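Undergrad: Got a structure for you, questions after.
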Amino acid sequence: MARLILFGMILGGFLLPCDGASYYKTRIDDAQAVYLTQDRFAVRGDGLTDDSAGIQAAIDKVQETTGEGILFVPEGRYRVTRTIYVWPGIRIIGYGEQRPVFVLGDHTAGFQQGIGTMFFFAGMRPVQNPVFRLPPPPPGTVPANDKIADANPGTFYSAMSNVDFEIGNDNAAAVAVRFHVAQHGYLAHMDFRLGSGLAGIHDAGNIAYDVHFHGGRYGIFTKKPSPAWQFSVIDATFEGQREAAIRENEAQLTLVRCQFRNVPAAVAIDAGYSDQLWIKDSQFVNISGPALLISNEKSRLTQINVESSVCQAVPVFAQFRESGRQLTAKGPIYQVKSLSHGYALAGPAAVAERKTGFLAEPLNALPATGPSALRDPPATDKWVNLKSLGLKGDGVTDETAALQKAINENPVLYLPMGRYVVSDTLTLRPDSILIGLHPDLTQLDVLDGTAAFQGPGSPKALLLAPRGGTNLVTGIGLYTGGANSRAVGALWMAGKDSQMDDVRFLGGHGTRGPSGKREQPYNSNLSADPDPRRRWDSQYPSLWVTHGGGGTFSNLWTPSTFAQTGLYISDTTTPGKVYQVSSEHHVRTEVKVDHVQNWDFYALQTEGERGESESASALEVSNSSNLTFANFHGYRVVRSYHPFPYAIMVTNSTGIRFRNIHVDNNSSLMQCTEKGGCRQYVRSGKVSYGTAIWDPGSNVEVRDREFANLDWNGGRPAPAMSYPATVIAPGSKVEKLTGGFYNSAGGAVDAAGRLYFVDAHWHRIYRWSPESRRLDVVRDSPLDPVNLIFDKAGNLIVVSSGGSGMAVYSLKPDGPEDEVTVLAPQPAADRPGATAVLPVNFWVNGDFTNTLDTAKLEYVTLDQMFRKLVTTRTKNQYVSPDGSLFIPSDDVIVQGPAYLGYKWAYILQTYGLVKADTRRPFYVTNESDQRTYRGQVKPDGTLGQLETFVEQGGESLAQDKAGNVYVAAGQIYVYTPAGQLIDVIRMPERPLQLVFGGPGGDTLFILTQSSLYSIRTK
């Protein structure tokens, strides 16, 4: 027990570190680091003197010396009176017998109202690019400073560790850390004594672990992370917050082994917002209000799953904000075996239904629990510094023999920042521990053309962890170059108690190679590496766990385009845990799992890029069982142009548990110019994954891209559901009319009911004539057609992505090919008698904008953002030659070179344009909120009387003559005007655009990525 008192304490069954116990007790020697010492910087560390200027000067010194890097902070109490800016890629790490403490004294000016941030992790230092106009930062800098950008999706490696915060009295606006970073950012080994303050962490990113929050209004107060990935909190405690331990929205919050005590609420989701919330192995004690406050309960984006968590004195475990419905206690002490709320699927091919399942049972006492989810390294006095053994880390000298000797002779090695060149496999001892503290600047590098790694041949590991080992590897980068075909970054066969965390598999985007310079991943047209010797998809996997390997893998980033896949797990039944791992930019598969059992994947994120990943799946699972994928995010960048049929492929597998699955293809942009100010734009791409999950063996699919719960047991499809009515004409069925298109959309019908549509990749405009059943090419001039509409005179109006921005032109379908009339944008105005033509779908959210009212601490909701957009008059209108219709639009935003198609305008991004008939309701979807609205069009093309129609978004929709609404969202869902689901039209392919046409106007034309279908309605 004395040992526990010294090194930790047991609290309610959880083994926790001592309050403020230092993680790094001795000075860590690193020649490339900067040390915040009194002899170099104007600091005293006495808790009284203002040390702000000295701390900032030290951080600036890191940026000026190495760009990215480490600032070591010795034990002391450092008083802060203003916002300290932490530049990208810089890590602040404390050391000493006691952790250093950053102190905000009582009533520090600027921290009383709104938000006042002590440490602000930034996206750029102004001197790095003085010409670039930065978007304004969010409120909270003290004093206010609009010249420094917030952290963003390109802010990598930033971190803070082994420091504490203390906020004094009368600082109601104080926030310890703003941390809106991307991959490889973390906060760890920290105590936040928040006192009167607002929050410990505001707007978080990536991962926080071994963090402990005492008091404050909130422990964590956050919205969506900047890259829109998940945010994970592991091995954390929260106690004594005044309103909620965590207040959040859209954070894709992943909580593992967290404890909440003596708070009104553990997790409160903001009003009007959803989240994908996953909680595992956590504890709730003495929660006076609902432990979980769930908002937006009807939304498809509200996905709540809790498992294996225990409660004591928690009368209400969950409450739904809008309805007031409660899930209540099962006794004074009870276990929540599972809570699942959201859209669930009974099996593959099933129609998702909104369900709430709550399984809890009483307990006699709080159960004892095991060790922390993440393992600690040995104390620093056990580390052997590589530089003390004579290694150079200069990026040139081959140090393979010296490294292997060091591994053989020393169980714990510290790798100071440097680039250590390796020409052969480094084989770890079963108990080897490798420790670095910055994976972008601490690298093991295999140079291009290294003889031992040339092929063809069997896999050749840079780093090999032996069978059954208890190895720990943390804080380093593994670089296998681009011309080493046998290379594997790490071949991992270590056992269930092993761990790899904070490791970067270098190569591709964001890589600094052996030279220390940032490597360019593309040639001029994004089709290959600039060096033709460095072939994409030419190496074995970056991280390969196999032959009985297992353990814990946390905070990894594996984006090497040269590797076969970023993470490959094969041939093992040894348990494994994956936390907050990012695998991106591969040619065929981002993550592959084969012949595997007993693994859990929490907050796994993938990204497919435009150039290299046009034919890449996010995840492939085969011959496996007993796997959990929770808070999975499969993403394709919005600039993708080539469709891919599935995100996840599952074959010959059973017992696969999918919880909180999120598959998307969207992006956001904030663009600032001196003349035009700043504009935010968001868009959805047209080439997301065609389906979320596909089983090629049974040929069943899950088309839903957002769902909370699915148990996969061998790919057996669920029984078909029946509906109260059908809209299909007697004897009619879905018929494929034609196919072979690259990416079809943008359809419209003429007065005769003939369908015209676009295959934008080939610049083609097609016409389908239903009576003759004939397909004709109307135009294939290289004019970048995207969306079509007809005016009353029969002019075909074409919205085009061509030129430096975008264009709208008209033509006669059967007229001379060289007759094209470009329509100039006109100032927006009321146009009574003319028909407004509007996008059928939007993607609207608050990314890259400040949506928080700091006076009220309330967020603008997605619903409010959408209503504002569609009820606000645009700047321009394009008027047809006959004056019968107009298309409202703001100016296009062009990101990067125009020829790559990075153009942002709603009339370009929509799957189709729709004439807004003033005599009928107008229906439109906001895909980002998975919601369809109904309104009435006004003379200027804005919408009024807007109301929610159904909690179902989609790529497209259409109305039949009876007023029924058809929504394309994986299948075709048919709703009455009252919003009742009355039919589901099942499609062989994912429907993308719906248009009524044909001679009688009762034929529903259905465009998919590659085909045209139709079905007759009543």
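Labels used: A, B, ... for chains in the order of the structure tokens, numbers from 1 for residues in each chain, and numbers from 1 for ligands as shown.
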Do a neighbour search on A:Leu604 at 9 Å with only C-alpha atoms, toss out local chain neighbours closer than 3 positions, and write the hits as a PyMOL selection string.

TA: chain A and resi 230+578-583+601+629-634

Undergrad: I'd like the contact shell of stretch 339-356 of chain A - 7 Å cut-off, only C-alpha atoms, skipping same-chain residues fewer than 4 positions apart - returned as a PyMOL selection string.

TA: chain A and resi 300+302-307+700-702+707-712+715-718+720

Undergrad: Hey, what's within 7 Å of A:His438 if we count only C-alpha atoms and toss same-chain stuff fewer than 4 positions away? As a list in words, please?

TA: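 Returned residues: Thr442, Gly475 and Ile476 of chain A.
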
Undergrad: Just write the chosen residues, all heavy atoms, as a PDB file, in the first residue's frame.

TA:
```
ATOM      1  N   THR A 442      12.491  12.889 -34.655  1.00  0.00           N
ATOM      2  CA  THR A 442      13.249  11.745 -34.136  1.00  0.00           C
ATOM      3  C   THR A 442      12.931  10.560 -35.019  1.00  0.00           C
ATOM      4  O   THR A 442      11.866   9.949 -34.891  1.00  0.00           O
ATOM      5  CB  THR A 442      12.855  11.441 -32.681  1.00  0.00           C
ATOM      6  OG1 THR A 442      12.972  12.639 -31.905  1.00  0.00           O
ATOM      7  CG2 THR A 442      13.741  10.362 -32.098  1.00  0.00           C
ATOM      8  N   GLY A 475       6.948   7.838 -29.613  1.00  0.00           N
ATOM      9  CA  GLY A 475       7.503   9.147 -29.933  1.00  0.00           C
ATOM     10  C   GLY A 475       8.557   9.188 -31.012  1.00  0.00           C
ATOM     11  O   GLY A 475       9.360  10.120 -31.041  1.00  0.00           O
ATOM     12  N   ILE A 476       8.577   8.214 -31.940  1.00  0.00           N
ATOM     13  CA  ILE A 476       9.577   8.224 -33.006  1.00  0.00           C
ATOM     14  C   ILE A 476       8.889   8.127 -34.356  1.00  0.00           C
ATOM     15  O   ILE A 476       7.719   7.759 -34.467  1.00  0.00           O
ATOM     16  CB  ILE A 476      10.608   7.079 -32.855  1.00  0.00           C
ATOM     17  CG1 ILE A 476       9.938   5.712 -33.010  1.00  0.00           C
ATOM     18  CG2 ILE A 476      11.331   7.171 -31.524  1.00  0.00           C
ATOM     19  CD1 ILE A 476      10.924   4.555 -33.042  1.00  0.00           C
TER      20      ILE A 476
END
```

Undergrad: Which neighbours of A:Ala968 fall inside 7 Å, counting only C-alpha atoms, when residues of the same chain fewer than 6 positions from it are skipped, and could you give them as a list in words?

TA: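 Here the answer would be Gly954, Glu955, Ser956, Leu957, Pro991, Leu992 and Gln993 of chain A.
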
Undergrad: Using Å and a single decimal, report how far atom CA of A:Ala760 sits from atom CA of A:Asp784.

TA: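 Distance reported for this atom pair: 6.3 Å.
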
Undergrad: Quick one: distance from atom CA of A:Asp398 to atom CA of A:Arg504 in Å, one decimal?

TA: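 Taking atom CA of A:Asp398 and atom CA of A:Arg504, their separation equals 21.0 Å.
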
Undergrad: Going by DSSP on the backbone, which residues of stretch 717-907 of chain A come out as alpha helix (DSSP H)? List them as an NGL selection string.

TA: :A and (862-870 or 906-907)

Undergrad: Neighbouring residues of A:Gly697 were defined as those with any atom within 10 Å, considering only C-alpha atoms; residues of the same chain fewer than 2 positions away were excluded. Please report them as a ChimeraX atom specification.

TA: /A:650-652,694-695,699-700,714-715

Undergrad: Hey, which of A:Asn262, A:Ser613, A:Gln283, A:Thr83 ends up closest to A:Val177? Count only C-alpha atoms.

TA: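 Among the listed residues, A:Thr83 lies closest to A:Val177.
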
Undergrad: Excluding same-chain residues fewer than 2 positions from A:Leu775, what lies within 10 Å of it counting only C-alpha atoms, as a JSON list (two decimals) with N, CA, C and O atoms, in the first residue's frame?

TA:
```
[["chain", "number", "residue", "atom", "x", "y", "z"],
["A", 737, "LEU", "N", -31.75, 1.38, -67.97],
["A", 737, "LEU", "CA", -31.91, 1.85, -69.34],
["A", 737, "LEU", "C", -30.60, 1.85, -70.12],
["A", 737, "LEU", "O", -30.55, 1.48, -71.28],
["A", 738, "THR", "N", -29.53, 2.29, -69.44],
["A", 738, "THR", "CA", -28.22, 2.35, -70.10],
["A", 738, "THR", "C", -27.16, 2.55, -69.03],
["A", 738, "THR", "O", -27.49, 2.78, -67.86],
["A", 755, "LEU", "N", -35.04, 13.07, -70.90],
["A", 755, "LEU", "CA", -34.05, 13.37, -69.87],
["A", 755, "LEU", "C", -32.72, 13.75, -70.50],
["A", 755, "LEU", "O", -32.19, 13.04, -71.36],
["A", 756, "TYR", "N", -32.16, 14.86, -70.04],
["A", 756, "TYR", "CA", -30.81, 15.29, -70.39],
["A", 756, "TYR", "C", -29.97, 15.19, -69.12],
["A", 756, "TYR", "O", -30.42, 15.57, -68.04],
["A", 766, "TYR", "N", -25.85, 14.13, -72.39],
["A", 766, "TYR", "CA", -26.61, 13.06, -73.02],
["A", 766, "TYR", "C", -28.10, 13.39, -73.01],
["A", 766, "TYR", "O", -28.59, 14.14, -72.17],
["A", 767, "ARG", "N", -28.84, 12.73, -73.94],
["A", 767, "ARG", "CA", -30.30, 12.79, -73.95],
["A", 767, "ARG", "C", -30.85, 11.38, -74.05],
["A", 767, "ARG", "O", -30.43, 10.59, -74.90],
["A", 768, "TRP", "N", -31.77, 11.08, -73.12],
["A", 768, "TRP", "CA", -32.48, 9.80, -73.20],
["A", 768, "TRP", "C", -33.93, 10.08, -73.62],
["A", 768, "TRP", "O", -34.65, 10.83, -72.97],
["A", 769, "SER", "N", -34.32, 9.45, -74.74],
["A", 769, "SER", "CA", -35.68, 9.60, -75.26],
["A", 769, "SER", "C", -36.47, 8.36, -74.88],
["A", 769, "SER", "O", -36.22, 7.27, -75.41],
["A", 770, "PRO", "N", -37.42, 8.46, -73.93],
["A", 770, "PRO", "CA", -38.09, 7.26, -73.43],
["A", 770, "PRO", "C", -38.94, 6.54, -74.47],
["A", 770, "PRO", "O", -39.06, 5.31, -74.42],
["A", 772, "SER", "N", -38.50, 6.31, -77.81],
["A", 772, "SER", "CA", -37.66, 5.56, -78.75],
["A", 772, "SER", "C", -36.61, 4.72, -78.05],
["A", 772, "SER", "O", -35.92, 3.93, -78.69],
["A", 773, "ARG", "N", -36.48, 4.92, -76.71],
["A", 773, "ARG", "CA", -35.49, 4.22, -75.90],
["A", 773, "ARG", "C", -34.09, 4.38, -76.53],
["A", 773, "ARG", "O", -33.34, 3.43, -76.70],
["A", 777, "VAL", "N", -25.74, 11.61, -77.71],
["A", 777, "VAL", "CA", -24.82, 12.62, -77.21],
["A", 777, "VAL", "C", -25.23, 13.95, -77.80],
["A", 777, "VAL", "O", -25.17, 14.15, -79.02],
["A", 778, "VAL", "N", -25.68, 14.87, -76.94],
["A", 778, "VAL", "CA", -26.11, 16.18, -77.40],
["A", 778, "VAL", "C", -24.91, 17.10, -77.60],
["A", 778, "VAL", "O", -24.84, 17.85, -78.57]]
```

Undergrad: For A:Leu359, which residue among A:Leu437, A:Ala487, A:Leu327, A:Ala451 is the nearest when counting only C-alpha atoms?

TA: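 Going through A:Leu437, A:Ala487, A:Leu327, A:Ala451 one by one, the smallest distance to A:Leu359 is for A:Leu327.
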
Undergrad: Of the candidates A:Ala176, A:Ala109, A:Ala236, A:Ala149, which shows the shortest atom-to-atom distance to A:Ala188, using only C-alpha atoms?

TA: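 Nearest candidate to A:Ala188 out of A:Ala176, A:Ala109, A:Ala236, A:Ala149: A:Ala236.
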
Undergrad: Set the distance at 8 Å and use only C-alpha atoms: which residues neighbour A:Thr628 once local chain neighbours fewer than 6 positions away are removed? I'd like the list as a list in words.

TA: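 After dropping sequence-adjacent residues, the list is Trp599, Asp600, Phe601, Tyr602, Ile656, Arg657, Phe658 and Arg659 of chain A.
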
Undergrad: Any chance you can output those residues with all heavy atoms as a PDB file, in the first residue's frame?

TA:
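Writing the result to again-v5.pdb gives the following:
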```pdb
ATOM      1  N   TRP A 599      -9.953  -8.095 -31.366  1.00  0.00           N
ATOM      2  CA  TRP A 599      -9.404  -6.745 -31.475  1.00  0.00           C
ATOM      3  C   TRP A 599     -10.517  -5.714 -31.393  1.00  0.00           C
ATOM      4  O   TRP A 599     -11.639  -5.942 -31.858  1.00  0.00           O
ATOM      5  CB  TRP A 599      -8.644  -6.568 -32.797  1.00  0.00           C
ATOM      6  CG  TRP A 599      -7.237  -7.085 -32.737  1.00  0.00           C
ATOM      7  CD1 TRP A 599      -6.839  -8.367 -32.524  1.00  0.00           C
ATOM      8  CD2 TRP A 599      -6.046  -6.311 -32.892  1.00  0.00           C
ATOM      9  NE1 TRP A 599      -5.463  -8.453 -32.536  1.00  0.00           N
ATOM     10  CE2 TRP A 599      -4.955  -7.211 -32.763  1.00  0.00           C
ATOM     11  CE3 TRP A 599      -5.792  -4.973 -33.135  1.00  0.00           C
ATOM     12  CZ2 TRP A 599      -3.631  -6.779 -32.866  1.00  0.00           C
ATOM     13  CZ3 TRP A 599      -4.474  -4.544 -33.245  1.00  0.00           C
ATOM     14  CH2 TRP A 599      -3.409  -5.446 -33.099  1.00  0.00           C
ATOM     15  N   ASP A 600     -10.175  -4.565 -30.819  1.00  0.00           N
ATOM     16  CA  ASP A 600     -11.079  -3.425 -30.739  1.00  0.00           C
ATOM     17  C   ASP A 600     -10.414  -2.218 -31.389  1.00  0.00           C
ATOM     18  O   ASP A 600      -9.250  -1.911 -31.108  1.00  0.00           O
ATOM     19  CB  ASP A 600     -11.410  -3.078 -29.285  1.00  0.00           C
ATOM     20  CG  ASP A 600     -12.147  -4.198 -28.573  1.00  0.00           C
ATOM     21  OD1 ASP A 600     -13.024  -4.818 -29.203  1.00  0.00           O
ATOM     22  OD2 ASP A 600     -11.843  -4.458 -27.393  1.00  0.00           O
ATOM     23  N   PHE A 601     -11.179  -1.538 -32.233  1.00  0.00           N
ATOM     24  CA  PHE A 601     -10.693  -0.364 -32.947  1.00  0.00           C
ATOM     25  C   PHE A 601     -11.583   0.818 -32.564  1.00  0.00           C
ATOM     26  O   PHE A 601     -12.747   0.886 -32.954  1.00  0.00           O
ATOM     27  CB  PHE A 601     -10.759  -0.581 -34.456  1.00  0.00           C
ATOM     28  CG  PHE A 601      -9.956  -1.741 -34.962  1.00  0.00           C
ATOM     29  CD1 PHE A 601     -10.431  -3.047 -34.848  1.00  0.00           C
ATOM     30  CD2 PHE A 601      -8.718  -1.543 -35.560  1.00  0.00           C
ATOM     31  CE1 PHE A 601      -9.690  -4.125 -35.314  1.00  0.00           C
ATOM     32  CE2 PHE A 601      -7.971  -2.616 -36.034  1.00  0.00           C
ATOM     33  CZ  PHE A 601      -8.466  -3.914 -35.908  1.00  0.00           C
ATOM     34  N   TYR A 602     -11.039   1.748 -31.798  1.00  0.00           N
ATOM     35  CA  TYR A 602     -11.793   2.914 -31.355  1.00  0.00           C
ATOM     36  C   TYR A 602     -11.190   4.164 -31.988  1.00  0.00           C
ATOM     37  O   TYR A 602      -9.994   4.414 -31.876  1.00  0.00           O
ATOM     38  CB  TYR A 602     -11.740   3.061 -29.831  1.00  0.00           C
ATOM     39  CG  TYR A 602     -12.249   1.863 -29.041  1.00  0.00           C
ATOM     40  CD1 TYR A 602     -11.847   1.656 -27.730  1.00  0.00           C
ATOM     41  CD2 TYR A 602     -13.129   0.937 -29.609  1.00  0.00           C
ATOM     42  CE1 TYR A 602     -12.317   0.576 -26.993  1.00  0.00           C
ATOM     43  CE2 TYR A 602     -13.591  -0.157 -28.884  1.00  0.00           C
ATOM     44  CZ  TYR A 602     -13.170  -0.338 -27.578  1.00  0.00           C
ATOM     45  OH  TYR A 602     -13.625  -1.407 -26.850  1.00  0.00           O
ATOM     46  N   ILE A 656     -18.667  -9.191 -36.066  1.00  0.00           N
ATOM     47  CA  ILE A 656     -18.057  -7.874 -36.281  1.00  0.00           C
ATOM     48  C   ILE A 656     -19.072  -6.835 -35.806  1.00  0.00           C
ATOM     49  O   ILE A 656     -20.189  -6.750 -36.337  1.00  0.00           O
ATOM     50  CB  ILE A 656     -17.701  -7.643 -37.764  1.00  0.00           C
ATOM     51  CG1 ILE A 656     -16.983  -8.874 -38.347  1.00  0.00           C
ATOM     52  CG2 ILE A 656     -16.864  -6.382 -37.901  1.00  0.00           C
ATOM     53  CD1 ILE A 656     -15.687  -9.217 -37.677  1.00  0.00           C
ATOM     54  N   ARG A 657     -18.694  -6.057 -34.835  1.00  0.00           N
ATOM     55  CA  ARG A 657     -19.594  -5.094 -34.209  1.00  0.00           C
ATOM     56  C   ARG A 657     -19.232  -3.686 -34.685  1.00  0.00           C
ATOM     57  O   ARG A 657     -18.151  -3.189 -34.394  1.00  0.00           O
ATOM     58  CB  ARG A 657     -19.501  -5.200 -32.685  1.00  0.00           C
ATOM     59  CG  ARG A 657     -19.813  -6.603 -32.175  1.00  0.00           C
ATOM     60  CD  ARG A 657     -19.393  -6.831 -30.728  1.00  0.00           C
ATOM     61  NE  ARG A 657     -20.142  -6.016 -29.808  1.00  0.00           N
ATOM     62  CZ  ARG A 657     -19.661  -4.979 -29.153  1.00  0.00           C
ATOM     63  NH1 ARG A 657     -18.390  -4.610 -29.324  1.00  0.00           N
ATOM     64  NH2 ARG A 657     -20.411  -4.301 -28.310  1.00  0.00           N
ATOM     65  N   PHE A 658     -20.158  -3.100 -35.418  1.00  0.00           N
ATOM     66  CA  PHE A 658     -19.968  -1.732 -35.900  1.00  0.00           C
ATOM     67  C   PHE A 658     -20.795  -0.792 -35.020  1.00  0.00           C
ATOM     68  O   PHE A 658     -22.012  -0.964 -34.883  1.00  0.00           O
ATOM     69  CB  PHE A 658     -20.418  -1.606 -37.355  1.00  0.00           C
ATOM     70  CG  PHE A 658     -19.554  -2.364 -38.333  1.00  0.00           C
ATOM     71  CD1 PHE A 658     -19.993  -3.553 -38.889  1.00  0.00           C
ATOM     72  CD2 PHE A 658     -18.312  -1.882 -38.692  1.00  0.00           C
ATOM     73  CE1 PHE A 658     -19.214  -4.249 -39.790  1.00  0.00           C
ATOM     74  CE2 PHE A 658     -17.518  -2.580 -39.601  1.00  0.00           C
ATOM     75  CZ  PHE A 658     -17.968  -3.759 -40.152  1.00  0.00           C
ATOM     76  N   ARG A 659     -20.139   0.211 -34.432  1.00  0.00           N
ATOM     77  CA  ARG A 659     -20.797   1.191 -33.591  1.00  0.00           C
ATOM     78  C   ARG A 659     -20.349   2.591 -34.019  1.00  0.00           C
ATOM     79  O   ARG A 659     -19.155   2.881 -34.067  1.00  0.00           O
ATOM     80  CB  ARG A 659     -20.438   0.978 -32.107  1.00  0.00           C
ATOM     81  CG  ARG A 659     -20.814  -0.398 -31.557  1.00  0.00           C
ATOM     82  CD  ARG A 659     -22.317  -0.597 -31.455  1.00  0.00           C
ATOM     83  NE  ARG A 659     -22.672  -1.852 -30.824  1.00  0.00           N
ATOM     84  CZ  ARG A 659     -22.941  -2.977 -31.496  1.00  0.00           C
ATOM     85  NH1 ARG A 659     -22.880  -2.985 -32.824  1.00  0.00           N
ATOM     86  NH2 ARG A 659     -23.280  -4.071 -30.848  1.00  0.00           N
TER      87      ARG A 659
END
```

Undergrad: Please give the complete set of residues from stretch 86-207 of chain A that DSSP, run on the backbone, assigns to strand (DSSP E or B), formatted as a PyMOL selection string.

TA: chain A and resi 86+90-95+98+101-104+116-122+150+159-161+164-167+174-178+186-195+199-202+206-207

Undergrad: Can you measure atom CA of A:Gln877 to atom CA of A:Val837 for me? One decimal in Å is fine.

TA: 9.9 Å

Undergrad: Rank nothing, just name the residue among A:Gly510, A:Tyr859, A:Val384, A:Ser52 nearest to A:Thr222, using only C-alpha atoms.

TA: A:Tyr859

Undergrad: With distances taken over only C-alpha atoms, which residue among A:Phe358, A:Phe842, A:Trp278, A:Trp536 lies nearest A:Thr910?

TA: A:Phe842

Undergrad: Smallest atom-to-atom distance to A:Val163: which of A:Lys61, A:His180, A:Lys938, A:Lys25, using only C-alpha atoms?

TA: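 For A:Val163, the nearest of the given residues is A:Lys25.
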